[in-house]
Amino acid sequence: MATVTYQQFYYLPDDEFIELEGLNAYFEHHKNYDLYKDEMYCPECLQCKLEYTPEYSRKAYLSAKDVNQHDDACSFKYEPAPTKTVTTYFQNLNPTQIESKLDSMLNRLHRSPKQIQSDSGKLASSNPFIINDGDVDNSPLTHRKVLRQKKLGRTLRKEDQNQLFAFYGTGTLKIEECEGEREGRKYKYYYLYITVNATTYKVYRGKHHDQIEEEALYNIVLIGYVEGVYTNGIVKIELIKKEPGNSTPNQLAIKLRKV
Ligand SMILES: [Zn+2]
């Protein structure tokens with residue numbers, strides 16, 4: 001199993017989340033991280049202690065001291081769900097169920113430390129990112145897998161390409177309307193552009209025309225994978241497929257909520 005790493009941590013004394021980049025900058029300046037040492041916790045459950053490995057021969061990273069310290073409903077306790085599992089799982093949900101699933105993902109991604117604390121001890125099923133792999137009625141801990149999360153607007157690592165994630169972030173949106181022709185008939189199709197920080201993502205929406213406000217800020221979650229980066233720096237994200245082996249994207253696997 002690959003080591004699970006963290007992009008941010010919860011710093012207990014200040015009751016706030018700190019990005020790994022911030023810790024790297026602190027370490028570079030002070031040549032130590034004594035201020036944070038022993039006070040770094042998992043950003044999702046606030047229970048598992050994290051440790052920091054500064055940049056040496058490989059990039060700096062945060063890892064769990066002991067994964068058993070995670071709350072049962074914490075995503076970091078489980079192994080990543082294979083793409084096929086996630087695709088099949090969403091294929092078996094109806095549009096209303098998918099919508100409510102993505103809604104609760106967005107809610108979970110925007111919890112304050114206080115909300116997280118009050119959620120502690122809840123069942124694993126309260127976490128919409130945890131998916132049962134296999135027989136749902138008879139699912140011991142080992143059958144629980146997690147849909148990994150990736151924040152938009154961060155530098156993408158090479159190994160993240162073509163890996164399935166729930167991408168999330170807060171940014172602005174734009175729609176591109178295109179016209180195609182098939183057997184003499186014209187039709188319209190759309191691309192959604194998401195800009196978070198300085199990075200823009202392009203998502204194929206097919207005939208689905210998202211109704212958005214161009215100047216507004218949105219909280220976004222979408223399930224898919226990075227297919228590549230265009231020469232102009234725009235990152236192409238493909239949504240999960242409608243069913244395993246089929247190339248049609250699941251156009252419901254995205255949720256946009258105005259801030
Ligand atoms: Zn945790």
# chains A, B, ... in the order shown; residues from 1 in each chain; ligands from 1
call {"tool": "residues_around", "arguments": {"residues": "region 120-130 of chain A", "least_positions_apart": "5", "cutoff": "9 Å", "atoms": "only C-alpha atoms", "output": "PDB file with N, CA and C atoms, in the first residue's frame"}}
result
ATOM      1  N   CYS A  45     -10.191  14.248  10.621  1.00  0.00           N
ATOM      2  CA  CYS A  45     -10.819  13.809  11.876  1.00  0.00           C
ATOM      3  C   CYS A  45     -10.220  14.499  13.107  1.00  0.00           C
ATOM      4  N   LEU A  46      -9.092  15.171  12.926  1.00  0.00           N
ATOM      5  CA  LEU A  46      -8.396  15.900  14.003  1.00  0.00           C
ATOM      6  C   LEU A  46      -7.915  14.987  15.122  1.00  0.00           C
ATOM      7  N   GLN A  47      -7.903  13.675  14.876  1.00  0.00           N
ATOM      8  CA  GLN A  47      -7.544  12.748  15.948  1.00  0.00           C
ATOM      9  C   GLN A  47      -6.200  12.081  15.763  1.00  0.00           C
ATOM     10  N   ASP A  71     -10.366   8.493  13.249  1.00  0.00           N
ATOM     11  CA  ASP A  71     -11.752   8.194  13.544  1.00  0.00           C
ATOM     12  C   ASP A  71     -12.249   7.167  12.512  1.00  0.00           C
ATOM     13  N   ASP A  72     -13.220   6.354  12.895  1.00  0.00           N
ATOM     14  CA  ASP A  72     -13.737   5.327  11.989  1.00  0.00           C
ATOM     15  C   ASP A  72     -14.320   5.911  10.699  1.00  0.00           C
ATOM     16  N   ALA A  73     -14.834   7.117  10.781  1.00  0.00           N
ATOM     17  CA  ALA A  73     -15.453   7.737   9.608  1.00  0.00           C
ATOM     18  C   ALA A  73     -14.476   8.628   8.845  1.00  0.00           C
ATOM     19  N   CYS A  74     -13.186   8.524   9.170  1.00  0.00           N
ATOM     20  CA  CYS A  74     -12.190   9.363   8.487  1.00  0.00           C
ATOM     21  C   CYS A  74     -11.728   8.689   7.192  1.00  0.00           C
ATOM     22  N   SER A  75     -11.703   9.450   6.104  1.00  0.00           N
ATOM     23  CA  SER A  75     -11.297   8.913   4.799  1.00  0.00           C
ATOM     24  C   SER A  75      -9.885   8.352   4.827  1.00  0.00           C
ATOM     25  N   TYR A  78      -8.779   4.504   5.239  1.00  0.00           N
ATOM     26  CA  TYR A  78      -9.052   3.448   4.256  1.00  0.00           C
ATOM     27  C   TYR A  78      -8.209   3.570   2.995  1.00  0.00           C
ATOM     28  N   ALA A  81     -10.342   3.572  -3.349  1.00  0.00           N
ATOM     29  CA  ALA A  81     -11.246   2.708  -4.104  1.00  0.00           C
ATOM     30  C   ALA A  81     -10.798   2.637  -5.558  1.00  0.00           C
ATOM     31  N   LYS A 101     -25.606  12.627  -2.733  1.00  0.00           N
ATOM     32  CA  LYS A 101     -24.256  12.170  -2.414  1.00  0.00           C
ATOM     33  C   LYS A 101     -23.244  13.313  -2.584  1.00  0.00           C
ATOM     34  N   LEU A 102     -23.330  13.987  -3.735  1.00  0.00           N
ATOM     35  CA  LEU A 102     -22.396  15.082  -4.006  1.00  0.00           C
ATOM     36  C   LEU A 102     -22.645  16.259  -3.071  1.00  0.00           C
ATOM     37  N   SER A 104     -23.663  16.009   0.049  1.00  0.00           N
ATOM     38  CA  SER A 104     -23.047  15.742   1.351  1.00  0.00           C
ATOM     39  C   SER A 104     -21.519  15.754   1.256  1.00  0.00           C
ATOM     40  N   MET A 105     -20.971  15.466   0.074  1.00  0.00           N
ATOM     41  CA  MET A 105     -19.510  15.611  -0.098  1.00  0.00           C
ATOM     42  C   MET A 105     -19.122  17.080   0.082  1.00  0.00           C
ATOM     43  N   ARG A 108     -19.319  18.096   3.660  1.00  0.00           N
ATOM     44  CA  ARG A 108     -18.222  17.531   4.450  1.00  0.00           C
ATOM     45  C   ARG A 108     -16.905  18.265   4.205  1.00  0.00           C
ATOM     46  N   GLN A 115     -17.290  21.759  13.780  1.00  0.00           N
ATOM     47  CA  GLN A 115     -18.225  20.776  13.202  1.00  0.00           C
ATOM     48  C   GLN A 115     -17.585  19.396  13.152  1.00  0.00           C
ATOM     49  N   ARG A 144     -14.222  -1.581   3.068  1.00  0.00           N
ATOM     50  CA  ARG A 144     -14.422  -0.146   2.916  1.00  0.00           C
ATOM     51  C   ARG A 144     -13.249   0.460   2.172  1.00  0.00           C
ATOM     52  N   LYS A 145     -13.593   1.198   1.129  1.00  0.00           N
ATOM     53  CA  LYS A 145     -12.566   1.881   0.363  1.00  0.00           C
ATOM     54  C   LYS A 145     -12.960   3.353   0.311  1.00  0.00           C
ATOM     55  N   VAL A 146     -11.997   4.176  -0.033  1.00  0.00           N
ATOM     56  CA  VAL A 146     -12.325   5.598  -0.028  1.00  0.00           C
ATOM     57  C   VAL A 146     -12.052   6.242  -1.382  1.00  0.00           C
ATOM     58  N   LEU A 147     -12.959   7.121  -1.755  1.00  0.00           N
ATOM     59  CA  LEU A 147     -12.757   7.932  -2.952  1.00  0.00           C
ATOM     60  C   LEU A 147     -11.840   9.074  -2.516  1.00  0.00           C
ATOM     61  N   ARG A 148     -10.638   9.085  -3.042  1.00  0.00           N
ATOM     62  CA  ARG A 148      -9.670  10.076  -2.583  1.00  0.00           C
ATOM     63  C   ARG A 148     -10.035  11.488  -3.040  1.00  0.00           C
ATOM     64  N   GLN A 149      -9.641  12.454  -2.224  1.00  0.00           N
ATOM     65  CA  GLN A 149      -9.967  13.849  -2.519  1.00  0.00           C
ATOM     66  C   GLN A 149      -8.718  14.605  -2.951  1.00  0.00           C
ATOM     67  N   ALA A 166     -12.039  12.757  -6.120  1.00  0.00           N
ATOM     68  CA  ALA A 166     -13.100  13.750  -5.986  1.00  0.00           C
ATOM     69  C   ALA A 166     -12.346  15.068  -5.929  1.00  0.00           C
TER      70      ALA A 166
END
call {"tool": "residues_around", "arguments": {"residues": "Lys174 (chain A)", "least_positions_apart": "5", "cutoff": "8 Å", "atoms": "only C-alpha atoms", "output": "VMD selection string"}}
result
chain A and resid 192 to 194 212 214
call {"tool": "write_last_selection", "arguments": {"atoms": "C-alpha atoms", "output": "JSON list (two decimals), in the first residue's frame"}}
result
[["chain", "number", "residue", "atom", "x", "y", "z"],
["A", 192, "LEU", "CA", -17.15, 23.87, -18.38],
["A", 193, "TYR", "CA", -14.08, 25.86, -17.34],
["A", 194, "ILE", "CA", -13.22, 26.01, -13.65],
["A", 212, "ILE", "CA", -24.00, 29.45, -13.97],
["A", 214, "GLU", "CA", -19.76, 34.02, -14.62]]
call {"tool": "residues_around", "arguments": {"residues": "Arg154 (chain A)", "least_positions_apart": "5", "cutoff": "9 Å", "atoms": "only C-alpha atoms", "output": "mmCIF file with C-alpha atoms, in the first residue's frame"}}
result
data_model
loop_
_atom_site.group_PDB
_atom_site.id
_atom_site.type_symbol
_atom_site.label_atom_id
_atom_site.label_comp_id
_atom_site.auth_asym_id
_atom_site.auth_seq_id
_atom_site.Cartn_x
_atom_site.Cartn_y
_atom_site.Cartn_z
ATOM 1 C CA VAL A 196 -9.139 28.024 -8.952
ATOM 2 C CA ASN A 197 -6.205 30.252 -7.970
ATOM 3 C CA THR A 199 -5.165 27.094 -12.619
#
call {"tool": "atom_distance", "arguments": {"atom1": "CA of Tyr33 (chain A)", "atom2": "CA of Thr155 (chain A)"}}
result
23.0 Å
call {"tool": "select_by_dssp", "arguments": {"residues": "region 27-129 of chain A", "states": "strand (DSSP E or B)", "output": "list in words"}}
result
Met40, Tyr41, Lys49, Leu50, Glu51, Tyr52, Thr53, Tyr61, Leu62, Ser63, Ala64, Glu79 and Pro80 of chain A
call {"tool": "residues_around", "arguments": {"residues": "Asn32 (chain A)", "least_positions_apart": "6", "cutoff": "12 Å", "atoms": "only C-alpha atoms", "output": "list in words"}}
result
Leu23, Asn24, Ala25, Tyr26, Tyr52, Thr53, Pro54 and Glu55 of chain A
call {"tool": "select_by_dssp", "arguments": {"residues": "region 37-210 of chain A", "states": "helix (DSSP H, G or I)", "output": "count of residues only"}}
result
46
call {"tool": "residues_around", "arguments": {"residues": "Asp66 (chain A)", "least_positions_apart": "4", "cutoff": "9 Å", "atoms": "only C-alpha atoms", "output": "JSON, numbers by chain"}}
result
{"A": [48, 49, 50, 70]}
call {"tool": "atom_distance", "arguments": {"atom1": "CA of Arg205 (chain A)", "atom2": "CA of Phe167 (chain A)"}}
result
15.9 Å
call {"tool": "atom_distance", "arguments": {"atom1": "CA of Lys158 (chain A)", "atom2": "CA of Tyr41 (chain A)"}}
result
26.5 Å
call {"tool": "closest_residue", "arguments": {"among": "A:Phe17, A:Lys150, A:Asn68, A:Gln117", "to": "Tyr36 (chain A)", "atoms": "only C-alpha atoms"}}
result
A:Phe17
call {"tool": "closest_residue", "arguments": {"among": "A:Gly228, A:Lys207, A:Thr83, A:Gln7", "to": "Lys241 (chain A)", "atoms": "only C-alpha atoms"}}
result
A:Thr83
call {"tool": "closest_residue", "arguments": {"among": "A:Asp103, A:Glu213, A:Glu44, A:Glu51", "to": "ligand 1", "atoms": "only C-alpha atoms and all ligand atoms"}}
result
A:Glu44
call {"tool": "residues_around", "arguments": {"residues": "region 232-240 of chain A", "least_positions_apart": "5", "cutoff": "12 Å", "atoms": "only C-alpha atoms", "output": "ChimeraX atom specification"}}
result
/A:82-91,147,152-156,160-167,191-196,198-206,221-227,245-255
